[in-house]
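Report on the structure given below.
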Amino acid sequence: MTVPETYGLGRIKVTAITGDEVEMAAQLTGSGFSVSGCSGGGGVSSEGGGGVGLSCGEGPAATINDAMSLKVVKIHDAAAVLRIKPAG
């Protein structure tokens, strides 16, 4: 999925959906990256070449780059509902 340039990320690609987490990868378009509030033990790791990997579970929204809110609303089998909107 494509997100606004102001979020500091390129296209976000869902790479896996497990029973309780959605794994995603995105290219960085800005000079830095921050994430906070991913539930389910979410975290971030370098993907090399200016990319990041995210792993988030259902629950409270994560804040990405202090600009984007990403919430995993529901995970059902191999599908997930994500809600992305401006942070704040």
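Just so we're on the same page: first chain in the structure tokens is A, next is B, and so on; residues restart at 1 for each chain, and ligands are numbered from 1 in the order they show up.
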May I have the residues within 12 Å of Ile17 in chain A as a PDB file with N, CA, C and O atoms, in the first residue's frame, using only C-alpha atoms and disregarding those fewer than 2 positions away in the same chain?
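Result file is selection_15.pdb:
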```
ATOM      1  N   LYS A  13       4.636  -3.069   2.398  1.00  0.00           N
ATOM      2  CA  LYS A  13       4.278  -4.396   1.890  1.00  0.00           C
ATOM      3  C   LYS A  13       4.067  -5.348   3.063  1.00  0.00           C
ATOM      4  O   LYS A  13       4.935  -5.460   3.930  1.00  0.00           O
ATOM      5  N   VAL A  14       2.917  -5.992   3.100  1.00  0.00           N
ATOM      6  CA  VAL A  14       2.679  -7.023   4.112  1.00  0.00           C
ATOM      7  C   VAL A  14       3.439  -8.262   3.655  1.00  0.00           C
ATOM      8  O   VAL A  14       3.229  -8.766   2.556  1.00  0.00           O
ATOM      9  N   THR A  15       4.349  -8.752   4.501  1.00  0.00           N
ATOM     10  CA  THR A  15       5.174  -9.897   4.133  1.00  0.00           C
ATOM     11  C   THR A  15       4.681 -11.205   4.748  1.00  0.00           C
ATOM     12  O   THR A  15       4.985 -12.272   4.237  1.00  0.00           O
ATOM     13  N   GLY A  19      -1.006 -15.920  13.263  1.00  0.00           N
ATOM     14  CA  GLY A  19      -2.198 -15.911  14.097  1.00  0.00           C
ATOM     15  C   GLY A  19      -2.375 -14.661  14.922  1.00  0.00           C
ATOM     16  O   GLY A  19      -3.481 -14.251  15.217  1.00  0.00           O
ATOM     17  N   ASP A  20      -1.259 -13.986  15.289  1.00  0.00           N
ATOM     18  CA  ASP A  20      -1.389 -12.816  16.150  1.00  0.00           C
ATOM     19  C   ASP A  20      -0.532 -11.621  15.748  1.00  0.00           C
ATOM     20  O   ASP A  20      -0.468 -10.643  16.468  1.00  0.00           O
ATOM     21  N   GLU A  21       0.117 -11.672  14.590  1.00  0.00           N
ATOM     22  CA  GLU A  21       0.948 -10.557  14.151  1.00  0.00           C
ATOM     23  C   GLU A  21       0.885 -10.365  12.640  1.00  0.00           C
ATOM     24  O   GLU A  21       0.680 -11.317  11.891  1.00  0.00           O
ATOM     25  N   VAL A  22       1.093  -9.120  12.228  1.00  0.00           N
ATOM     26  CA  VAL A  22       1.236  -8.780  10.820  1.00  0.00           C
ATOM     27  C   VAL A  22       2.662  -8.271  10.638  1.00  0.00           C
ATOM     28  O   VAL A  22       3.101  -7.363  11.352  1.00  0.00           O
ATOM     29  N   GLU A  23       3.396  -8.884   9.727  1.00  0.00           N
ATOM     30  CA  GLU A  23       4.758  -8.453   9.442  1.00  0.00           C
ATOM     31  C   GLU A  23       4.742  -7.638   8.162  1.00  0.00           C
ATOM     32  O   GLU A  23       4.107  -8.018   7.178  1.00  0.00           O
ATOM     33  N   MET A  24       5.439  -6.492   8.202  1.00  0.00           N
ATOM     34  CA  MET A  24       5.458  -5.574   7.079  1.00  0.00           C
ATOM     35  C   MET A  24       6.877  -5.104   6.810  1.00  0.00           C
ATOM     36  O   MET A  24       7.722  -5.134   7.698  1.00  0.00           O
ATOM     37  N   LEU A  54       8.518  -4.195  10.194  1.00  0.00           N
ATOM     38  CA  LEU A  54       7.659  -3.984  11.355  1.00  0.00           C
ATOM     39  C   LEU A  54       6.904  -5.260  11.646  1.00  0.00           C
ATOM     40  O   LEU A  54       6.530  -5.987  10.728  1.00  0.00           O
ATOM     41  N   SER A  55       6.629  -5.504  12.895  1.00  0.00           N
ATOM     42  CA  SER A  55       5.818  -6.632  13.314  1.00  0.00           C
ATOM     43  C   SER A  55       4.877  -6.136  14.396  1.00  0.00           C
ATOM     44  O   SER A  55       5.327  -5.739  15.465  1.00  0.00           O
ATOM     45  N   CYS A  56       3.573  -6.092  14.086  1.00  0.00           N
ATOM     46  CA  CYS A  56       2.601  -5.548  15.025  1.00  0.00           C
ATOM     47  C   CYS A  56       1.426  -6.493  15.192  1.00  0.00           C
ATOM     48  O   CYS A  56       1.004  -7.146  14.233  1.00  0.00           O
ATOM     49  N   GLY A  57       0.898  -6.549  16.400  1.00  0.00           N
ATOM     50  CA  GLY A  57      -0.280  -7.344  16.689  1.00  0.00           C
ATOM     51  C   GLY A  57      -1.509  -6.466  16.822  1.00  0.00           C
ATOM     52  O   GLY A  57      -1.427  -5.236  16.771  1.00  0.00           O
ATOM     53  N   GLU A  58      -2.671  -7.107  16.989  1.00  0.00           N
ATOM     54  CA  GLU A  58      -3.913  -6.371  17.214  1.00  0.00           C
ATOM     55  C   GLU A  58      -3.791  -5.547  18.484  1.00  0.00           C
ATOM     56  O   GLU A  58      -3.168  -5.969  19.445  1.00  0.00           O
ATOM     57  N   VAL A  72      -3.402  -2.410  13.728  1.00  0.00           N
ATOM     58  CA  VAL A  72      -3.892  -3.703  13.262  1.00  0.00           C
ATOM     59  C   VAL A  72      -5.246  -3.897  13.941  1.00  0.00           C
ATOM     60  O   VAL A  72      -5.319  -4.150  15.135  1.00  0.00           O
ATOM     61  N   LYS A  74      -7.802  -6.101  13.028  1.00  0.00           N
ATOM     62  CA  LYS A  74      -8.262  -7.490  13.151  1.00  0.00           C
ATOM     63  C   LYS A  74      -7.373  -8.403  12.315  1.00  0.00           C
ATOM     64  O   LYS A  74      -6.991  -8.057  11.204  1.00  0.00           O
ATOM     65  N   ILE A  75      -7.038  -9.551  12.866  1.00  0.00           N
ATOM     66  CA  ILE A  75      -6.345 -10.613  12.126  1.00  0.00           C
ATOM     67  C   ILE A  75      -7.270 -11.804  12.105  1.00  0.00           C
ATOM     68  O   ILE A  75      -7.765 -12.240  13.144  1.00  0.00           O
ATOM     69  N   HIS A  76      -7.534 -12.306  10.905  1.00  0.00           N
ATOM     70  CA  HIS A  76      -8.400 -13.476  10.753  1.00  0.00           C
ATOM     71  C   HIS A  76      -7.778 -14.405   9.727  1.00  0.00           C
ATOM     72  O   HIS A  76      -7.715 -14.068   8.543  1.00  0.00           O
ATOM     73  N   ASP A  77      -7.294 -15.554  10.187  1.00  0.00           N
ATOM     74  CA  ASP A  77      -6.607 -16.521   9.320  1.00  0.00           C
ATOM     75  C   ASP A  77      -5.466 -15.826   8.578  1.00  0.00           C
ATOM     76  O   ASP A  77      -4.574 -15.307   9.208  1.00  0.00           O
ATOM     77  N   ALA A  78      -5.527 -15.800   7.243  1.00  0.00           N
ATOM     78  CA  ALA A  78      -4.448 -15.206   6.434  1.00  0.00           C
ATOM     79  C   ALA A  78      -4.790 -13.801   5.973  1.00  0.00           C
ATOM     80  O   ALA A  78      -4.221 -13.297   5.010  1.00  0.00           O
ATOM     81  N   ALA A  79      -5.727 -13.126   6.626  1.00  0.00           N
ATOM     82  CA  ALA A  79      -6.120 -11.763   6.264  1.00  0.00           C
ATOM     83  C   ALA A  79      -6.027 -10.863   7.484  1.00  0.00           C
ATOM     84  O   ALA A  79      -6.167 -11.322   8.611  1.00  0.00           O
ATOM     85  N   ALA A  80      -5.824  -9.586   7.223  1.00  0.00           N
ATOM     86  CA  ALA A  80      -5.750  -8.606   8.309  1.00  0.00           C
ATOM     87  C   ALA A  80      -6.355  -7.296   7.850  1.00  0.00           C
ATOM     88  O   ALA A  80      -6.275  -6.940   6.677  1.00  0.00           O
ATOM     89  N   VAL A  81      -6.934  -6.572   8.800  1.00  0.00           N
ATOM     90  CA  VAL A  81      -7.462  -5.227   8.544  1.00  0.00           C
ATOM     91  C   VAL A  81      -6.531  -4.255   9.236  1.00  0.00           C
ATOM     92  O   VAL A  81      -6.301  -4.339  10.441  1.00  0.00           O
ATOM     93  N   LEU A  82      -5.951  -3.338   8.447  1.00  0.00           N
ATOM     94  CA  LEU A  82      -5.048  -2.322   8.963  1.00  0.00           C
ATOM     95  C   LEU A  82      -5.700  -0.958   8.807  1.00  0.00           C
ATOM     96  O   LEU A  82      -6.366  -0.704   7.799  1.00  0.00           O
TER      97      LEU A  82
END
```
Can you tell me, as a VMD selection string, what residues are no more than 12 Å from range 35-39 of chain A when counting only C-alpha atoms, ignoring any on the same chain fewer than 2 positions away? chain A and resid 7 to 9 20 to 23 32 to 33 41 to 45 52 to 73 87
Members of chain A assigned strand (DSSP E or B) by DSSP, as a PyMOL selection string: chain A and resi 9-17+22-28+35-36+43-46+51-56+58+62-64+68-76+79-86
Quote the spacing between CA of Gln27 in chain A and CA of Gly50 in chain A in Å to one decimal place.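 CA of Gly50 in chain A lies at a distance of 5.9 Å from CA of Gln27 in chain A.
Shortest atom-to-atom contact with Ala26 in chain A among A:Gly88, A:Arg83, A:Glu5, A:Gly10: A:Gly10, counting only C-alpha atoms.
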